[in-house]
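*Asks:* For reference, this is target-v3.cif, and it has mmCIF, C-alpha atoms and all ligand atoms.
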data_input
#
loop_
_atom_site.label_atom_id
_atom_site.label_comp_id
_atom_site.auth_asym_id
_atom_site.auth_seq_id
_atom_site.Cartn_x
_atom_site.Cartn_y
_atom_site.Cartn_z
CA MET A 1 -11.06 27.36 24.72
CA ALA A 2 -9.70 23.97 23.82
CA ASP A 3 -12.71 22.19 25.17
CA GLU A 4 -15.34 24.57 23.79
CA PRO A 5 -18.20 22.67 22.29
CA LEU A 6 -18.53 23.02 18.57
CA GLN A 7 -21.16 25.68 17.87
CA GLN A 8 -23.20 24.47 20.79
CA PRO A 9 -24.60 26.77 23.42
CA GLU A 10 -24.71 24.04 26.07
CA SER A 11 -21.54 23.21 27.88
CA ASP A 12 -20.19 19.79 27.06
CA THR A 13 -16.61 20.18 28.10
CA SER A 14 -16.67 16.87 29.84
CA ASP A 15 -18.78 13.84 29.27
CA SER A 16 -21.70 12.69 31.33
CA THR A 17 -19.57 11.29 34.13
CA GLY A 18 -17.44 14.41 34.34
CA ALA A 19 -14.35 12.65 32.99
CA ALA A 20 -11.82 15.26 31.97
CA GLN A 21 -11.06 15.68 28.30
CA TYR A 22 -7.48 16.04 27.12
CA THR A 23 -6.38 19.57 26.36
CA ALA A 24 -4.68 21.12 23.37
CA ALA A 25 -1.40 20.96 25.22
CA GLY A 26 -1.92 17.29 25.87
CA ASN A 27 -2.04 17.57 29.64
CA LYS A 28 -4.82 16.05 31.70
CA ILE A 29 -4.38 12.88 29.66
CA SER A 30 -3.49 10.82 32.67
CA ALA A 31 -6.39 12.26 34.64
CA THR A 32 -8.56 11.20 31.76
CA PHE A 33 -6.96 7.79 31.75
CA GLU A 34 -7.68 7.25 35.41
CA ALA A 35 -11.24 8.42 34.99
CA GLU A 36 -11.62 6.10 32.01
CA GLN A 37 -10.21 3.18 33.96
CA ALA A 38 -12.70 3.74 36.74
CA ARG A 39 -15.45 4.12 34.19
CA SER A 40 -14.41 0.96 32.39
CA LYS A 41 -14.49 -0.98 35.67
CA ALA A 42 -17.97 0.27 36.47
CA VAL A 43 -19.22 -0.67 33.00
CA MET A 44 -17.68 -4.13 33.29
CA ALA A 45 -19.49 -4.66 36.58
CA ARG A 46 -22.82 -3.78 34.94
CA LEU A 47 -22.00 -5.90 31.94
CA GLU A 48 -21.27 -8.96 34.05
CA GLN A 49 -24.77 -8.57 35.54
CA ASN A 50 -26.67 -8.04 32.28
CA PRO A 51 -24.51 -8.98 29.30
CA GLY A 52 -27.50 -8.99 26.95
CA ASP A 53 -27.92 -5.21 27.43
CA PHE A 54 -24.56 -4.54 25.83
CA ARG A 55 -23.41 -4.31 22.28
CA MET A 56 -19.70 -4.30 21.69
CA LEU A 57 -17.72 -3.32 18.68
CA THR A 58 -13.99 -3.52 18.36
CA GLY A 59 -11.56 -4.36 15.62
CA ASP A 60 -8.15 -4.53 14.06
CA ARG A 61 -6.22 -3.03 11.23
CA PRO A 62 -5.22 -5.78 8.84
CA THR A 63 -1.54 -4.90 8.76
CA GLY A 64 -0.04 -8.31 9.55
CA ARG A 65 -0.37 -11.41 11.69
CA LEU A 66 -1.68 -11.32 15.24
CA HIS A 67 0.71 -12.20 18.05
CA LEU A 68 0.59 -13.44 21.61
CA GLY A 69 0.03 -9.88 22.86
CA HIS A 70 -3.17 -9.67 20.81
CA LEU A 71 -4.33 -13.02 22.13
CA PHE A 72 -3.93 -12.18 25.82
CA GLY A 73 -4.65 -8.47 25.40
CA SER A 74 -7.81 -8.58 23.30
CA LEU A 75 -8.84 -11.78 21.51
CA GLN A 76 -9.54 -13.73 24.66
CA GLU A 77 -11.60 -10.89 26.09
CA ARG A 78 -13.65 -10.71 22.90
CA VAL A 79 -14.36 -14.42 23.10
CA ARG A 80 -15.32 -14.08 26.75
CA LEU A 81 -17.77 -11.24 26.02
CA GLN A 82 -19.22 -13.17 23.09
CA ASN A 83 -19.72 -16.25 25.23
CA MET A 84 -21.35 -14.21 27.99
CA GLY A 85 -24.03 -13.15 25.52
CA VAL A 86 -22.88 -9.62 24.69
CA GLN A 87 -23.94 -8.71 21.13
CA SER A 88 -20.56 -8.78 19.47
CA ASN A 89 -19.14 -7.10 16.38
CA ILE A 90 -15.64 -7.04 14.96
CA ILE A 91 -14.53 -4.65 12.26
CA ILE A 92 -11.56 -5.43 10.08
CA ALA A 93 -10.56 -1.84 9.48
CA ASP A 94 -9.03 -2.13 6.03
CA TYR A 95 -9.27 1.57 5.22
CA GLN A 96 -7.30 2.31 8.40
CA VAL A 97 -4.33 0.56 6.84
CA ILE A 98 -3.77 3.55 4.55
CA THR A 99 -3.90 6.14 7.32
CA ASP A 100 -0.15 5.90 7.68
CA ARG A 101 1.15 3.80 4.81
CA ASP A 102 1.08 4.07 1.06
CA THR A 103 0.16 0.60 0.00
CA THR A 104 -2.56 -2.01 0.27
CA ALA A 105 -0.20 -4.80 -0.77
CA HIS A 106 -0.95 -8.04 1.12
CA ILE A 107 -4.32 -6.74 2.30
CA GLN A 108 -6.27 -9.79 1.05
CA ASP A 109 -3.90 -12.11 2.77
CA ASN A 110 -3.91 -10.07 5.98
CA VAL A 111 -7.69 -9.84 6.11
CA LEU A 112 -8.26 -13.56 5.54
CA ASN A 113 -5.61 -14.45 8.09
CA LEU A 114 -7.23 -12.18 10.65
CA VAL A 115 -10.48 -14.08 10.19
CA LEU A 116 -8.58 -17.35 10.66
CA ASP A 117 -7.04 -16.06 13.88
CA TYR A 118 -10.45 -14.99 15.17
CA LEU A 119 -12.00 -18.36 14.39
CA ALA A 120 -9.08 -20.23 15.89
CA ALA A 121 -9.29 -18.15 19.08
CA GLY A 122 -12.97 -19.00 19.50
CA ILE A 123 -14.85 -16.20 17.79
CA ASP A 124 -18.07 -17.72 16.49
CA PRO A 125 -19.38 -15.96 13.37
CA LYS A 126 -22.93 -16.95 14.30
CA ARG A 127 -22.68 -14.85 17.42
CA THR A 128 -20.12 -12.25 16.36
CA MET A 129 -20.51 -10.19 13.22
CA ILE A 130 -17.17 -9.95 11.43
CA TYR A 131 -17.06 -7.39 8.63
CA THR A 132 -14.68 -5.27 6.59
CA HIS A 133 -14.87 -1.50 6.70
CA SER A 134 -14.58 -1.05 2.93
CA ALA A 135 -17.70 -3.12 2.25
CA VAL A 136 -20.17 -0.92 4.12
CA PRO A 137 -20.87 2.34 2.26
CA ALA A 138 -23.72 3.46 4.53
CA GLU A 139 -21.41 3.29 7.54
CA ASN A 140 -18.96 5.50 5.74
CA GLN A 141 -21.65 8.00 4.83
CA LEU A 142 -22.06 8.82 8.52
CA MET A 143 -18.68 10.47 8.11
CA LEU A 144 -20.24 13.56 6.50
CA PRO A 145 -22.59 14.63 9.31
CA PHE A 146 -20.04 13.47 11.91
CA LEU A 147 -17.28 15.63 10.44
CA SER A 148 -19.54 18.63 10.90
CA LEU A 149 -19.65 17.91 14.63
CA VAL A 150 -15.92 18.19 15.33
CA SER A 151 -13.51 21.06 14.92
CA GLU A 152 -10.15 21.05 13.24
CA ALA A 153 -8.56 21.82 16.61
CA GLU A 154 -10.17 18.77 18.19
CA LEU A 155 -8.88 16.57 15.41
CA GLU A 156 -5.41 18.02 15.66
CA ARG A 157 -5.00 17.54 19.37
CA ASN A 158 -5.63 13.78 19.27
CA PRO A 159 -2.45 12.37 20.87
CA THR A 160 -2.66 9.04 19.03
CA VAL A 161 -2.96 10.71 15.64
CA LYS A 162 0.04 12.88 16.52
CA SER A 163 2.23 9.96 17.49
CA GLU A 164 1.15 7.88 14.51
CA MET A 165 2.01 10.75 12.22
CA GLU A 166 5.46 11.08 13.80
CA ALA A 167 6.09 7.35 13.58
CA SER A 168 5.02 7.23 9.93
CA GLY A 169 7.59 9.82 8.88
CA HIS A 170 4.91 11.26 6.59
CA GLU A 171 3.18 14.56 6.60
CA LEU A 172 -0.31 14.46 8.08
CA THR A 173 -2.76 13.13 5.50
CA GLY A 174 -6.42 14.08 5.56
CA LEU A 175 -7.28 10.47 6.31
CA LEU A 176 -4.91 10.18 9.26
CA LEU A 177 -6.28 13.42 10.70
CA THR A 178 -9.89 12.30 10.39
CA TYR A 179 -9.69 8.57 11.03
CA PRO A 180 -10.86 8.88 14.64
CA VAL A 181 -14.12 10.16 13.13
CA HIS A 182 -14.18 7.07 10.89
CA GLN A 183 -13.76 5.05 13.98
CA ALA A 184 -16.75 6.85 15.48
CA CYS A 185 -18.70 5.70 12.39
CA ASP A 186 -17.48 2.12 13.00
CA ILE A 187 -18.71 2.22 16.55
CA LEU A 188 -21.94 4.17 16.12
CA PHE A 189 -23.34 2.65 12.94
CA CYS A 190 -24.26 -0.45 14.94
CA LYS A 191 -24.94 1.56 18.10
CA ALA A 192 -22.29 -0.18 20.12
CA ASN A 193 -22.24 0.94 23.74
CA VAL A 194 -19.00 -0.78 24.76
CA VAL A 195 -15.67 -0.72 22.94
CA PRO A 196 -12.87 -2.97 24.21
CA ILE A 197 -9.61 -1.27 23.27
CA GLY A 198 -6.07 -0.54 24.36
CA LYS A 199 -4.97 2.79 25.77
CA ASP A 200 -3.95 4.14 22.34
CA ASN A 201 -7.52 4.04 21.11
CA LEU A 202 -9.01 5.90 24.10
CA PRO A 203 -9.01 9.32 22.44
CA HIS A 204 -11.03 7.81 19.59
CA VAL A 205 -13.69 6.49 21.94
CA GLN A 206 -13.79 9.90 23.63
CA ILE A 207 -14.36 11.70 20.34
CA THR A 208 -17.02 9.08 19.52
CA ARG A 209 -18.87 9.98 22.71
CA THR A 210 -18.60 13.66 21.87
CA ILE A 211 -19.94 13.07 18.36
CA ALA A 212 -22.85 10.96 19.62
CA ARG A 213 -23.74 13.56 22.23
CA ARG A 214 -23.55 16.46 19.81
CA PHE A 215 -25.54 14.64 17.14
CA ASN A 216 -28.30 13.75 19.57
CA ARG A 217 -28.46 17.26 21.01
CA ARG A 218 -28.46 18.96 17.70
CA TYR A 219 -30.78 16.76 15.69
CA SER A 220 -32.72 14.53 17.97
CA PRO A 221 -32.77 15.80 21.56
CA LYS A 222 -36.02 14.01 22.45
CA LYS A 223 -35.11 10.62 21.03
CA PRO A 224 -31.35 10.12 20.95
CA VAL A 225 -30.20 8.24 17.86
CA PHE A 226 -26.82 7.19 19.23
CA PRO A 227 -25.58 5.77 22.54
CA GLU A 228 -22.53 7.36 24.16
CA PRO A 229 -20.25 4.34 24.22
CA ASP A 230 -17.79 3.40 26.93
CA ALA A 231 -14.30 2.06 26.49
CA ILE A 232 -13.48 -1.26 28.09
CA LEU A 233 -9.81 -1.21 28.98
CA THR A 234 -8.25 -4.62 29.19
CA ASN A 235 -6.77 -5.60 32.52
CA ALA A 236 -4.55 -8.24 30.96
CA PRO A 237 -0.91 -7.52 31.73
CA GLU A 238 0.95 -6.14 28.76
CA ILE A 239 3.26 -8.87 27.47
CA PRO A 240 6.66 -7.55 26.55
CA GLY A 241 8.33 -8.65 23.34
CA LEU A 242 11.09 -11.24 23.69
CA ASP A 243 13.66 -8.45 24.05
CA GLY A 244 11.75 -6.88 26.93
CA LYS A 245 10.61 -4.00 24.73
CA LYS A 246 7.13 -3.37 23.36
CA MET A 247 5.98 -6.22 21.12
CA SER A 248 6.09 -5.10 17.55
CA LYS A 249 6.27 -6.74 14.20
CA SER A 250 9.14 -4.61 12.97
CA ARG A 251 11.33 -5.56 15.95
CA GLY A 252 10.80 -9.25 15.25
CA ASN A 253 10.25 -9.76 18.97
CA SER A 254 6.73 -11.16 18.92
CA ILE A 255 5.39 -14.67 18.95
CA ILE A 256 3.04 -14.97 15.99
CA LEU A 257 -0.05 -17.05 16.72
CA SER A 258 0.00 -18.70 13.31
CA ALA A 259 3.73 -19.48 13.29
CA THR A 260 4.80 -23.13 13.34
CA PRO A 261 6.21 -24.66 16.55
CA GLU A 262 9.62 -24.75 14.83
CA GLU A 263 9.50 -21.06 13.91
CA THR A 264 8.45 -20.26 17.46
CA ALA A 265 11.28 -22.36 18.91
CA LYS A 266 13.78 -20.63 16.64
CA LEU A 267 12.57 -17.17 17.60
CA ILE A 268 12.84 -17.97 21.30
CA ARG A 269 16.26 -19.60 20.84
CA LYS A 270 17.53 -16.41 19.20
CA ALA A 271 16.18 -14.16 21.95
CA LYS A 272 18.88 -12.11 23.66
CA THR A 273 19.45 -12.70 27.37
CA ASP A 274 22.15 -11.43 29.74
CA SER A 275 25.42 -12.68 31.13
CA GLU A 276 24.14 -13.65 34.55
CA ARG A 277 23.67 -17.41 34.71
CA THR A 278 21.12 -17.76 37.49
CA ILE A 279 17.61 -16.97 36.33
CA THR A 280 15.71 -14.40 38.38
CA TYR A 281 12.57 -12.42 37.69
CA ASP A 282 13.54 -8.76 37.65
CA PRO A 283 11.76 -6.81 34.89
CA VAL A 284 13.66 -3.58 35.63
CA HIS A 285 17.23 -4.86 35.65
CA ARG A 286 16.83 -7.99 33.55
CA PRO A 287 14.19 -7.10 30.92
CA GLU A 288 15.08 -9.86 28.44
CA VAL A 289 15.15 -12.75 30.91
CA SER A 290 12.00 -11.39 32.55
CA ALA A 291 10.21 -11.13 29.22
CA LEU A 292 10.84 -14.85 28.65
CA LEU A 293 9.61 -15.57 32.16
CA THR A 294 6.45 -13.47 31.67
CA THR A 295 5.70 -15.19 28.37
CA ALA A 296 6.25 -18.64 29.84
CA SER A 297 4.22 -17.71 32.90
CA LEU A 298 1.15 -16.60 30.93
CA CYS A 299 1.22 -19.74 28.83
CA ALA A 300 2.00 -22.19 31.62
CA GLY A 301 -0.22 -20.53 34.22
CA VAL A 302 2.66 -20.52 36.74
CA PRO A 303 3.94 -17.31 38.43
CA PRO A 304 7.18 -16.04 36.80
CA GLN A 305 9.03 -16.14 40.12
CA ASP A 306 8.27 -19.84 40.49
CA ILE A 307 9.57 -20.58 37.01
CA ALA A 308 12.73 -18.58 37.77
CA GLU A 309 13.28 -20.54 40.94
CA GLN A 310 12.68 -23.85 39.22
CA ILE A 311 15.25 -23.04 36.53
CA GLY A 312 17.74 -21.28 38.78
CA SER A 313 21.32 -21.99 37.77
CA ALA A 314 20.36 -24.12 34.76
CA GLY A 315 20.53 -20.80 32.94
CA ALA A 316 19.10 -19.16 29.83
CA GLY A 317 19.17 -22.30 27.68
CA ALA A 318 16.89 -24.11 30.09
CA LEU A 319 14.65 -21.05 30.40
CA LYS A 320 14.28 -20.89 26.63
CA GLU A 321 13.43 -24.56 26.47
CA TYR A 322 10.82 -24.13 29.18
CA THR A 323 9.35 -21.07 27.41
CA THR A 324 9.23 -22.80 24.04
CA LYS A 325 7.40 -25.76 25.52
CA ALA A 326 4.97 -23.55 27.40
CA VAL A 327 4.17 -21.38 24.37
CA ASN A 328 3.90 -24.16 21.82
CA GLY A 329 1.87 -26.29 24.23
CA TYR A 330 -0.49 -23.43 24.92
CA LEU A 331 -0.96 -22.50 21.27
CA GLU A 332 -1.22 -26.04 19.96
CA PRO A 333 -5.02 -26.46 20.10
CA MET A 334 -5.54 -23.04 18.59
CA ARG A 335 -3.06 -23.72 15.81
CA GLU A 336 -4.77 -27.02 15.07
CA ARG A 337 -8.14 -25.33 14.78
CA ARG A 338 -6.60 -22.67 12.56
CA ALA A 339 -5.15 -25.26 10.23
CA GLU A 340 -8.56 -26.92 9.95
CA PHE A 341 -10.28 -23.65 9.04
CA ALA A 342 -7.49 -22.81 6.59
CA LYS A 343 -8.29 -25.93 4.58
CA ASP A 344 -11.55 -24.33 3.51
CA MET A 345 -10.93 -20.73 2.55
CA ASP A 346 -14.26 -20.56 0.71
CA THR A 347 -16.03 -20.85 4.02
CA VAL A 348 -13.78 -18.16 5.47
CA ARG A 349 -14.77 -15.85 2.59
CA ASP A 350 -18.41 -16.73 3.14
CA ILE A 351 -18.10 -15.71 6.77
CA LEU A 352 -16.95 -12.29 5.61
CA ARG A 353 -19.66 -12.13 2.97
CA ASP A 354 -22.33 -12.81 5.63
CA GLY A 355 -20.83 -10.35 8.07
CA ASN A 356 -20.66 -7.65 5.42
CA HIS A 357 -24.22 -8.34 4.39
CA LYS A 358 -25.44 -7.98 7.97
CA ALA A 359 -23.36 -4.85 8.52
CA ASN A 360 -24.83 -3.25 5.40
CA HIS A 361 -28.31 -3.93 6.64
CA ILE A 362 -27.63 -2.39 10.04
CA ALA A 363 -25.79 0.58 8.54
CA GLY A 364 -28.69 1.24 6.15
CA GLU A 365 -31.14 1.36 9.05
CA THR A 366 -28.95 3.69 11.07
CA LEU A 367 -28.39 5.98 8.11
CA ASP A 368 -32.17 6.15 7.61
CA GLN A 369 -32.60 7.26 11.20
CA VAL A 370 -29.89 9.85 10.71
CA ARG A 371 -31.56 11.23 7.60
CA GLU A 372 -34.86 11.34 9.38
CA ALA A 373 -33.39 13.14 12.39
CA MET A 374 -31.77 15.64 10.05
CA GLY A 375 -34.98 16.24 8.10
CA MET A 376 -33.54 14.67 4.98
CA LYS A 377 -36.17 12.04 4.47
CA TYR A 378 -38.14 13.33 1.52
CA TYR A 379 -40.49 10.43 0.96
CA ASP A 380 -41.21 6.93 2.28
N1 LIG A 401 -7.86 1.61 15.60
C1 LIG A 401 -7.97 0.23 15.99
C2 LIG A 401 -6.55 -0.35 16.07
O1 LIG A 401 -5.66 0.13 15.40
C3 LIG A 401 -8.79 -0.60 15.05
C4 LIG A 401 -10.21 -0.13 14.96
C5 LIG A 401 -10.83 0.36 13.85
C6 LIG A 401 -11.17 -0.11 16.02
N2 LIG A 401 -12.09 0.70 14.13
C7 LIG A 401 -12.35 0.43 15.43
C8 LIG A 401 -11.15 -0.45 17.38
C9 LIG A 401 -13.50 0.64 16.20
C10 LIG A 401 -12.31 -0.26 18.13
C11 LIG A 401 -13.47 0.28 17.54
O2 LIG A 401 -6.32 -1.28 16.77
#
Please lay out the structure from this file as structure tokens.

*Replies:*
Amino acid sequence: MADEPLQQPESDTSDSTGAAQYTAAGNKISATFEAEQARSKAVMARLEQNPGDFRMLTGDRPTGRLHLGHLFGSLQERVRLQNMGVQSNIIIADYQVITDRDTTAHIQDNVLNLVLDYLAAGIDPKRTMIYTHSAVPAENQLMLPFLSLVSEAELERNPTVKSEMEASGHELTGLLLTYPVHQACDILFCKANVVPIGKDNLPHVQITRTIARRFNRRYSPKKPVFPEPDAILTNAPEIPGLDGKKMSKSRGNSIILSATPEETAKLIRKAKTDSERTITYDPVHRPEVSALLTTASLCAGVPPQDIAEQIGSAGAGALKEYTTKAVNGYLEPMRERRAEFAKDMDTVRDILRDGNHKANHIAGETLDQVREAMGMKYYD
């Protein structure tokens, strides 16, 4: 029952590769994850061969500053895809900010700083369209037909929505319940066929595929309007926060890309370690020390075990010094570029203006095709 297609006679309980969908009870998720990982690998292999055949869309919620986890986990991959010649699009999902919070305070600042981080990391606005969700009405209009293609039950069993609702301490708002459909609009308005994301966003890409498939079948079976996009799951190792736990702004355990070298040094100096003097790499038993080693390792390009051995009995102080140097050294060129861009915020705003203009054009064309497929085009 859970996987019944919405008012469709054909069976579409799984997608075209037979990847299992998650069930109402939430089981089968890991089976899905494995299938998605395999799928993502296969797509990446095709993409490496013919990057020009792919259009990617991904994005961020402008809720704060990006950290080292974002850089290694997604920004660098976006830059790589862009430089390979993949048609690249980044959404700054400003409406997603209010899925689980009650304020848009700081949104201007957060949005402009996201653009600065992108530019500093190597995103080139000539090759990558950067746009804000709120500026593209035609994209958002896709929401109406798309909502008709999903059931309440499907929306309610989305595991990411469930956990975000629990974490927010709020009751479930209509926007939180339906934002995965928004995200389908983000992805499909520009007909993206690949979506680089973390695990949390997988259910949203799955519902996007379902929506694309149902739309095509229902309204345009001979000439599909939408691609069924694939997730690209990053294979970058997840960087722990400085306390060995998940990096998160509220824990104050993350290295902010735009922080100064002094702020970074202070944060690392304050990081908790353990009472054992000799440094060893042991993520299970020594999460804090190992988190420092992992961070230093990624930035210095040296295996964590080698760093541990090098520091040995010099202890946590020496490890922190090493880590600070590695991180600040690694981020220095990026921070310099960022500071340059930040001198000219008018240009940064113009980049958004251009991206939004382009996005509106594309969204208008897609919406026209949707109206036509639905028989809602009344005149030329
Ligand atoms: N939900 C994503 C996040 O929180 C941001 C996002 C919005 C996104 N729209 C998207 C990601 C479309 C990929 C595709 O990180």

*Asks:* Would you tabulate, counting only C-alpha atoms and all ligand atoms, all residues of chain A that have an atom at most 8 Å from an atom of ligand LIG 401 (chain A), showing the closest pair of atoms and their distance in Å to one decimal, sorted by chain then ascending number, as CSV?

*Replies:*
residue,atom,partner,partner_atom,distance
A:Leu57,CA,A:LIG401,C11,5.7
A:Thr58,CA,A:LIG401,C10,3.7
A:Gly59,CA,A:LIG401,C6,4.3
A:Asp60,CA,A:LIG401,C3,4.1
A:Arg61,CA,A:LIG401,C3,5.2
A:Ile91,CA,A:LIG401,N2,6.2
A:Ile92,CA,A:LIG401,C5,6.9
A:Ala93,CA,A:LIG401,C5,4.9
A:Gln96,CA,A:LIG401,C5,6.8
A:Pro180,CA,A:LIG401,N1,7.9
A:His182,CA,A:LIG401,N2,7.4
A:Gln183,CA,A:LIG401,N2,4.7
A:Ala184,CA,A:LIG401,C9,7.0
A:Asp186,CA,A:LIG401,C9,5.3
A:Ile187,CA,A:LIG401,C9,5.5
A:Val195,CA,A:LIG401,C10,5.9
A:Pro196,CA,A:LIG401,C10,6.7
A:Ile197,CA,A:LIG401,C10,5.9
A:Gly198,CA,A:LIG401,O2,7.6
A:Asn201,CA,A:LIG401,N1,6.0
A:Val205,CA,A:LIG401,C11,7.6

*Asks:* So, with only C-alpha atoms as the atoms that count, which of A:Glu372, A:Asp274, A:Ala363, A:Arg269 lies closest to Thr323 (chain A)?

*Replies:* A:Arg269

*Asks:* Would you please work out which residue, of A:Ala236, A:Arg101, A:Ala120, A:Asp282, is nearest to His170 (chain A) when using only C-alpha atoms?

*Replies:*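 Nearest candidate to His170 (chain A) out of A:Ala236, A:Arg101, A:Ala120, A:Asp282: A:Arg101.
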
*Asks:* With distances taken over all atoms listed in the file, which residue among A:Asn140, A:Asn113, A:Ser313, A:Asn253 lies nearest Gly241 (chain A)?

*Replies:*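 Selected residue with least distance to Gly241 (chain A): A:Asn253.
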
*Asks:* Give me the residues near region 300-309 of chain A as a ChimeraX atom specification, where near means some atom within 10 Å (using only C-alpha atoms) and where sequence neighbours in that chain fewer than 3 positions away do not count.

*Replies:* /A:278-282,289-297,312-315,319,322-323,325-327,329-330

*Asks:* Enter the distance from CA of Cys190 (chain A) to CA of Met374 (chain A), in Å, rounded to one decimal.

*Replies:*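 Separation between CA of Cys190 (chain A) and CA of Met374 (chain A): 18.4 Å.
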
*Asks:* For a cut-off of 12 Å around (-4.0, -12.2, 20.6), file coordinates, pick out all residues using only C-alpha atoms and list them as a VMD selection string.

*Replies:* chain A and resid 59 to 60 65 to 79 114 117 to 123 236 238 to 239 247 254 to 258 331 334

*Asks:* Nearest to Tyr179 (chain A) among A:Glu228, A:Asp94, A:Asp354, A:Asp124, with distances taken over all atoms listed in the file: which residue is it?

*Replies:* A:Asp94

*Asks:* I'd like to know which of A:Val43, A:Ala212, A:Cys185, A:Ile90 is closest to Pro137 (chain A), using all atoms listed in the file.

*Replies:* A:Cys185

*Asks:* Could you please determine the separation between CA of Asp100 (chain A) and CA of Met165 (chain A) in Å, to one decimal place?

*Replies:*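 One can read the CA of Asp100 (chain A) to CA of Met165 (chain A) distance as 7.0 Å.
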
*Asks:* I'd like the neighbourhood of Val194 (chain A) as an MDAnalysis selection string, where a residue qualifies if any of its atoms comes within 8 Å (using only C-alpha atoms), though same-chain residues fewer than 2 positions away should be ignored.

*Replies:* chainID A and resid 54:57 192 196 229:232

*Asks:* Measure the distance from CA of Glu288 (chain A) to CA of Ala259 (chain A) in Å and round it to one decimal.

*Replies:*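 These atoms are spaced 21.2 Å apart.
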
*Asks:* Nearest residue to Asn328 (chain A) out of A:Leu367, A:Ile268, A:Tyr379, A:Ala373, using only C-alpha atoms?

*Replies:*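 Among the listed residues, A:Ile268 lies closest to Asn328 (chain A).
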
*Asks:* Identify, on the basis of all atoms listed in the file, every residue whose closest approach to Met84 (chain A) does not exceed 10 Å; exclude the query and any residue fewer than 3 positions from it along the same chain; express the result as number ranges by chain.

*Replies:* A: 47-48, 50-52, 78-81, 87

*Asks:* Starting from the sparse input, extend region 192-196 of chain A to all heavy atoms and give the output as a short mmCIF file (atom, residue, chain, number, x, y, z; two decimals), in the frame of the given file.

*Replies:*
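Contents of the output file result_16.cif:
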data_model
loop_
_atom_site.label_atom_id
_atom_site.label_comp_id
_atom_site.auth_asym_id
_atom_site.auth_seq_id
_atom_site.Cartn_x
_atom_site.Cartn_y
_atom_site.Cartn_z
N ALA A 192 -23.01 0.51 19.06
CA ALA A 192 -22.29 -0.18 20.12
C ALA A 192 -22.23 0.73 21.35
O ALA A 192 -22.07 1.94 21.22
CB ALA A 192 -20.89 -0.53 19.65
N ASN A 193 -22.39 0.13 22.52
CA ASN A 193 -22.24 0.94 23.74
C ASN A 193 -20.99 0.56 24.55
O ASN A 193 -20.66 1.24 25.52
CB ASN A 193 -23.51 0.91 24.60
CG ASN A 193 -23.97 -0.50 24.93
OD1 ASN A 193 -23.29 -1.48 24.61
ND2 ASN A 193 -25.11 -0.62 25.59
N VAL A 194 -20.30 -0.48 24.14
CA VAL A 194 -19.00 -0.78 24.76
C VAL A 194 -17.95 -1.10 23.69
O VAL A 194 -18.24 -1.78 22.71
CB VAL A 194 -19.05 -1.94 25.79
CG1 VAL A 194 -19.63 -1.47 27.10
CG2 VAL A 194 -19.82 -3.14 25.26
N VAL A 195 -16.74 -0.60 23.93
CA VAL A 195 -15.67 -0.72 22.94
C VAL A 195 -14.39 -1.19 23.64
O VAL A 195 -13.68 -0.40 24.25
CB VAL A 195 -15.41 0.65 22.26
CG1 VAL A 195 -14.47 0.49 21.08
CG2 VAL A 195 -16.70 1.31 21.82
N PRO A 196 -14.11 -2.49 23.60
CA PRO A 196 -12.87 -2.97 24.21
C PRO A 196 -11.67 -2.52 23.38
O PRO A 196 -11.61 -2.80 22.19
CB PRO A 196 -13.00 -4.51 24.14
CG PRO A 196 -14.42 -4.80 23.77
CD PRO A 196 -14.92 -3.60 23.03
#
